[in-house]
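S.K.: My questions all concern the structure below.
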Amino acid sequence: MNKSKGVIKINISSDALNRVGVFFERNGFAIVAAILSVISVLSFMFYFQNGLSLAYNDARSHLDIGRRVVEGLKPGFAQLGSVWLPLTHLLMVLTIWNDFMWHSGLAGTIWSMFGFVLTGLIIYKFLEKIGVKMTGRLIGVGIFASNLNVLYLQSTAMTELTLVAAMTAGAYYLMLWFKDDKVVDLVKSAFWIMLSTLVRYDGWLLLVLASMMIVFYVWKKNGYKQAEGKLILFITLAGLGIVLWFLWNLLIFGDPLYFAFGPYSARTQQTQLEAAGVLSTKGDWFFSLKVYFYALAYNSNAFLALMGLVGAVALWFSGNIRRGVRFATFVLLAPLFFNILALYLGHSVLFIQGLSGDTWFNARYGVMLMPTIAIFVGYLIHYVSKLRPVIIGLILFVLFFQFSSGDAVTIDDARVGSSQKNVAEVSGWLAQNAAGKDGFVLISAASHDAIIFSSGMPMKKFIHEGTGDYWKEATTLPDHWARWIVMRTHDDNDSVWSFVSRTPGFERYDLVDSYPFADIYQLRDEYLDILNTEPILENQD
């Protein structure tokens, strides 16, 4: 340090800078892992303390599915059902037997948090393997880790971050296989893609896309026989989850396609929406594209999405990256292809307020491309060295205003959109009037799972579709089994109403409270003497 005319000058040698650079190159992965872990924990604490970590009804439903495996009138793995793919709920089983882990949501949230950290690390390694220097890697990870929608979803018991992690890991190892042609990388990619197919159906299209890319690349390079062999090797593991899911539906429900065409399937829901005239994207490619791109912009920020597109073009036309590696990065677009195709076919519904409805619904689907955007922007930072300070400055400017406004569409979706149905009144009534009293509550878990969770009562207090003989008996002779009934009056889409309203025993109930989402009926006191209040069917099939 030198002093000259009152000015202090600090001389930092290039050797010292090199040592700092070497230190970060050696320890960057561990440092990023530590920072991501701290961010993950702090984000969860913030949203949990503000009562937002369980705002999504689906989060409470996921937790209830895991809980029913270990506790209820008929516990067991059959409670995994067929509506949602099973991996997330199987992971919850490890801790959801604990009441705190169940009701706090942590049994599911810890896997979202794990997915958040893992995805950030994969983004770091992905950029490293395609030659991006430290600045680009850190910017890429930072774009993902600073996104408010990502931070919120990683603090909930939803499935998005678990899926994002599995899909990004599958894409990463596939890229490594294209880069180095090591069979072990192809097997690792197959493993992670297999896991993604057991989290959400988005992973199924990733499997198809990856398989097509492998066949095309190997066939062009080495001929048909080699392509056939590589495909068999890959798909034997990558497709195992789908085969097991078909087998599960066959063994438990008697139909391998029950998940697709059963009474509680997404198809049934979309049919109801189409009949109501609100499935506006079906059969319209342009509107499907428009709706999803709006969701993407709301989740990622339009400027970052645009920078991601520029980065993708720069990467795909770069002469510094091998052609096979550039080709492999197309697999990162699987969530884009899946969501647009699902909207067009009417297999998915997405409401963007003011565009495709008067509310929000499934707006979170746009977050699925955040790892892709982060990787492409990270490469762009590396590619345009002269404009790097300007682009980084603009990114920081955008992130500052995003944080200062607290603007997260996923929170709006959870709190006020169709993803959130107001269940507080119904569950509060049950907690105040049914908890601690003898008798069961008859309710459709398919329609009102969030009420079950929010009531705070034990799972064995409820008779629902998954309780076997209890459900059959209670929907035939409700006055013999249900002291309370929760259902939507005059709505045959609610399975309890469709069964119970047609029974003579229903005349013995009084409507004690009514809400837009559900009504509550209570058996009159003079009929309590014939009511079963003990789980006497628990040992029956």
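In the structure tokens, the first chain shown is A, the next is B, and so on; residue numbers restart at 1 for each chain, and ligands run from 1 in the order shown.
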If we count only C-alpha atoms, what is near A:Thr489 at a cut-off of 9 Å, once residues fewer than 5 positions away on the same chain are taken out, given as JSON, numbers by chain?
M.R.: {"A": [494, 497, 501, 518, 519]}
S.K.: Just C-alpha atoms for this one: save the residues we selected as a short mmCIF file (atom, residue, chain, number, x, y, z; two decimals), in the first residue's frame.
M.R.:
```cif
data_model
loop_
_atom_site.label_atom_id
_atom_site.label_comp_id
_atom_site.auth_asym_id
_atom_site.auth_seq_id
_atom_site.Cartn_x
_atom_site.Cartn_y
_atom_site.Cartn_z
CA ASP A 494 -68.66 -34.25 -5.94
CA TRP A 497 -73.22 -35.79 -3.21
CA SER A 501 -78.07 -37.45 -1.89
CA ALA A 518 -68.64 -26.84 0.30
CA ASP A 519 -71.58 -27.39 2.67
#
```
S.K.: Quick one: residues within 9 Å of A:Phe126, only C-alpha atoms, excluding same-chain residues fewer than 5 positions away - as a PDB file with C-alpha atoms, in the first residue's frame?
M.R.:
```pdb
ATOM      1  CA  LEU A 121     -25.565 -27.034  -8.767  1.00  0.00           C
ATOM      2  CA  GLY A 131     -16.629 -24.053 -21.276  1.00  0.00           C
ATOM      3  CA  VAL A 132     -18.298 -21.119 -19.502  1.00  0.00           C
ATOM      4  CA  ARG A 137     -21.577 -19.809 -14.158  1.00  0.00           C
ATOM      5  CA  TYR A 172     -26.982 -32.602 -17.969  1.00  0.00           C
ATOM      6  CA  TYR A 173     -25.847 -36.215 -18.167  1.00  0.00           C
ATOM      7  CA  MET A 175     -25.169 -33.558 -22.685  1.00  0.00           C
ATOM      8  CA  LEU A 176     -22.097 -35.198 -21.125  1.00  0.00           C
ATOM      9  CA  ILE A 375     -28.074 -21.873 -18.598  1.00  0.00           C
TER      10      ILE A 375
END
```
S.K.: Could you check the closest approach to A:His464 for each of A:Ala414, A:Leu54, A:Ile65, A:Leu279 and tell me which residue wins, using only C-alpha atoms?
M.R.: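 The shortest atom-to-atom distance to A:His464 comes from A:Ile65.
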S.K.: Excluding same-chain residues fewer than 5 positions from A:Ile392, what lies within 9 Å of it counting only C-alpha atoms, as a list in words?
M.R.: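 In the requested form, the answer reads Ile139, Ile381, Leu387 and Phe397 of chain A.
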S.K.: My list of candidates is A:Ile242, A:Val325, A:Val349, A:Leu336. Which is closest to A:Trp177 when distances are computed with only C-alpha atoms?
M.R.: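 Closest to A:Trp177 of all the choices is A:Val325.
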S.K.: Can you tell me which residues surround A:Val243 at a distance of at most 12 Å, considering only C-alpha atoms, apart from same-chain residues fewer than 3 positions away, and format the answer as a short mmCIF file (atom, residue, chain, number, x, y, z; two decimals) with N, CA and C atoms, in the first residue's frame?
M.R.:
```
data_model
loop_
_atom_site.label_atom_id
_atom_site.label_comp_id
_atom_site.auth_asym_id
_atom_site.auth_seq_id
_atom_site.Cartn_x
_atom_site.Cartn_y
_atom_site.Cartn_z
N MET A 194 -35.81 -41.30 -15.70
CA MET A 194 -36.76 -42.25 -15.12
C MET A 194 -37.41 -41.67 -13.88
N THR A 197 -40.05 -39.13 -14.76
CA THR A 197 -41.31 -39.70 -15.24
C THR A 197 -42.20 -40.18 -14.10
N LEU A 198 -41.64 -40.26 -12.90
CA LEU A 198 -42.41 -40.66 -11.72
C LEU A 198 -42.81 -39.48 -10.85
N TRP A 204 -42.37 -37.49 -19.15
CA TRP A 204 -42.63 -38.47 -20.21
C TRP A 204 -42.22 -37.92 -21.57
N ILE A 235 -33.46 -46.71 -22.94
CA ILE A 235 -34.89 -46.73 -22.64
C ILE A 235 -35.25 -47.83 -21.65
N THR A 236 -34.40 -48.86 -21.53
CA THR A 236 -34.68 -49.92 -20.55
C THR A 236 -34.75 -49.35 -19.14
N LEU A 237 -33.85 -48.43 -18.82
CA LEU A 237 -33.88 -47.80 -17.50
C LEU A 237 -34.77 -46.56 -17.50
N ALA A 238 -34.64 -45.72 -18.52
CA ALA A 238 -35.39 -44.46 -18.54
C ALA A 238 -36.90 -44.69 -18.59
N GLY A 239 -37.33 -45.76 -19.22
CA GLY A 239 -38.76 -46.04 -19.34
C GLY A 239 -39.31 -46.94 -18.26
N LEU A 240 -38.46 -47.37 -17.32
CA LEU A 240 -38.90 -48.30 -16.28
C LEU A 240 -40.02 -47.70 -15.43
N PHE A 246 -47.91 -48.08 -15.32
CA PHE A 246 -48.96 -48.85 -15.99
C PHE A 246 -49.31 -50.10 -15.18
N LEU A 247 -48.28 -50.79 -14.71
CA LEU A 247 -48.49 -52.01 -13.94
C LEU A 247 -49.23 -51.72 -12.64
N TRP A 248 -48.87 -50.62 -11.98
CA TRP A 248 -49.53 -50.22 -10.73
C TRP A 248 -51.03 -50.00 -10.97
N ASN A 249 -51.36 -49.26 -12.00
CA ASN A 249 -52.76 -48.98 -12.29
C ASN A 249 -53.52 -50.26 -12.64
N LEU A 250 -52.84 -51.19 -13.31
CA LEU A 250 -53.48 -52.47 -13.63
C LEU A 250 -53.76 -53.28 -12.37
N PRO A 256 -54.70 -50.45 -16.83
CA PRO A 256 -53.39 -49.80 -16.93
C PRO A 256 -53.49 -48.32 -17.30
N LEU A 257 -54.62 -47.90 -17.88
CA LEU A 257 -54.81 -46.51 -18.26
C LEU A 257 -55.77 -45.77 -17.33
#
```
S.K.: Name the residues of stretch 325-477 of chain A that fall into strand (DSSP E) according to DSSP on the backbone, using the chain letters and numbers of this document, as a PyMOL selection string.
M.R.: chain A and resi 440-443+462-463
S.K.: Tell me which protein, DNA and RNA residues are within 9 Å of stretch 470-481 of chain A, counting only C-alpha atoms, leaving out same-chain ones fewer than 5 positions away, and put them as number ranges by chain.
M.R.: A: 73-74, 439-442, 463-465, 496, 499-500, 502-509, 523, 527-528, 530-533, 535, 537-538
S.K.: The selected residues should be written to file as a CSV table (one decimal), in the first residue's frame (atoms: N, CA and C atoms).
M.R.:
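The resulting part33.csv:
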```csv
chain,number,residue,atom,x,y,z
A,73,LEU,N,-58.0,-44.8,8.1
A,73,LEU,CA,-58.9,-46.0,8.3
A,73,LEU,C,-58.4,-47.2,7.4
A,74,LYS,N,-57.6,-46.9,6.4
A,74,LYS,CA,-57.1,-48.0,5.6
A,74,LYS,C,-55.7,-47.6,5.0
A,439,GLY,N,-67.4,-40.0,16.1
A,439,GLY,CA,-68.0,-40.0,14.8
A,439,GLY,C,-67.1,-39.7,13.7
A,440,PHE,N,-67.4,-40.2,12.5
A,440,PHE,CA,-66.6,-39.9,11.3
A,440,PHE,C,-67.1,-38.8,10.4
A,441,VAL,N,-66.2,-38.2,9.6
A,441,VAL,CA,-66.6,-37.2,8.6
A,441,VAL,C,-66.6,-37.9,7.3
A,442,LEU,N,-67.7,-37.8,6.5
A,442,LEU,CA,-67.7,-38.4,5.2
A,442,LEU,C,-67.4,-37.2,4.2
A,463,ILE,N,-63.8,-40.6,6.3
A,463,ILE,CA,-64.1,-41.6,5.4
A,463,ILE,C,-64.1,-41.0,4.0
A,464,HIS,N,-63.3,-41.5,3.1
A,464,HIS,CA,-63.2,-41.0,1.8
A,464,HIS,C,-63.0,-42.1,0.8
A,465,GLU,N,-62.8,-41.8,-0.5
A,465,GLU,CA,-62.7,-42.8,-1.6
A,465,GLU,C,-61.7,-43.9,-1.3
A,496,VAL,N,-69.4,-37.6,-3.2
A,496,VAL,CA,-70.2,-37.8,-2.0
A,496,VAL,C,-71.7,-37.4,-2.3
A,499,PHE,N,-73.6,-39.9,-4.6
A,499,PHE,CA,-74.0,-41.1,-3.9
A,499,PHE,C,-75.0,-40.9,-2.8
A,500,VAL,N,-74.6,-40.0,-1.9
A,500,VAL,CA,-75.4,-39.9,-0.7
A,500,VAL,C,-76.7,-39.2,-0.8
A,502,ARG,N,-78.9,-39.5,-2.9
A,502,ARG,CA,-79.9,-40.4,-3.4
A,502,ARG,C,-80.3,-41.5,-2.4
A,503,THR,N,-79.8,-41.4,-1.2
A,503,THR,CA,-80.1,-42.5,-0.2
A,503,THR,C,-81.1,-42.0,0.8
A,504,PRO,N,-81.9,-42.9,1.3
A,504,PRO,CA,-83.0,-42.5,2.3
A,504,PRO,C,-82.3,-41.9,3.6
A,505,GLY,N,-81.1,-42.4,4.0
A,505,GLY,CA,-80.5,-41.9,5.2
A,505,GLY,C,-80.1,-40.4,5.2
A,506,PHE,N,-80.0,-39.9,4.0
A,506,PHE,CA,-79.6,-38.4,3.9
A,506,PHE,C,-80.7,-37.5,4.5
A,507,GLU,N,-81.9,-38.0,4.5
A,507,GLU,CA,-83.0,-37.2,5.1
A,507,GLU,C,-82.8,-36.9,6.6
A,508,ARG,N,-81.9,-37.7,7.2
A,508,ARG,CA,-81.7,-37.6,8.6
A,508,ARG,C,-80.7,-36.5,9.0
A,509,TYR,N,-80.2,-35.8,8.0
A,509,TYR,CA,-79.2,-34.8,8.2
A,509,TYR,C,-79.7,-33.4,8.1
A,523,LEU,N,-75.7,-35.2,11.3
A,523,LEU,CA,-76.7,-36.1,11.7
A,523,LEU,C,-77.5,-35.6,12.9
A,527,TYR,N,-80.7,-39.8,16.0
A,527,TYR,CA,-80.2,-40.9,15.2
A,527,TYR,C,-78.8,-41.4,15.6
A,528,LEU,N,-78.2,-40.7,16.6
A,528,LEU,CA,-76.9,-41.1,17.0
A,528,LEU,C,-76.7,-42.5,17.6
A,530,ILE,N,-77.7,-45.2,16.4
A,530,ILE,CA,-77.4,-46.3,15.4
A,530,ILE,C,-76.1,-46.0,14.7
A,531,LEU,N,-75.4,-45.0,15.1
A,531,LEU,CA,-74.2,-44.5,14.4
A,531,LEU,C,-73.0,-45.3,14.8
A,532,ASN,N,-72.2,-45.9,13.9
A,532,ASN,CA,-70.9,-46.5,14.2
A,532,ASN,C,-69.8,-45.4,14.3
A,533,THR,N,-69.1,-45.5,15.4
A,533,THR,CA,-68.1,-44.5,15.7
A,533,THR,C,-66.7,-45.1,15.9
A,535,PRO,N,-63.6,-47.9,14.2
A,535,PRO,CA,-63.2,-48.5,12.9
A,535,PRO,C,-63.3,-50.0,13.0
A,537,LEU,N,-64.2,-52.0,10.7
A,537,LEU,CA,-64.0,-52.7,9.4
A,537,LEU,C,-62.5,-52.7,9.1
A,538,GLU,N,-61.6,-52.3,10.0
A,538,GLU,CA,-60.2,-52.1,9.7
A,538,GLU,C,-59.5,-53.4,9.3
```
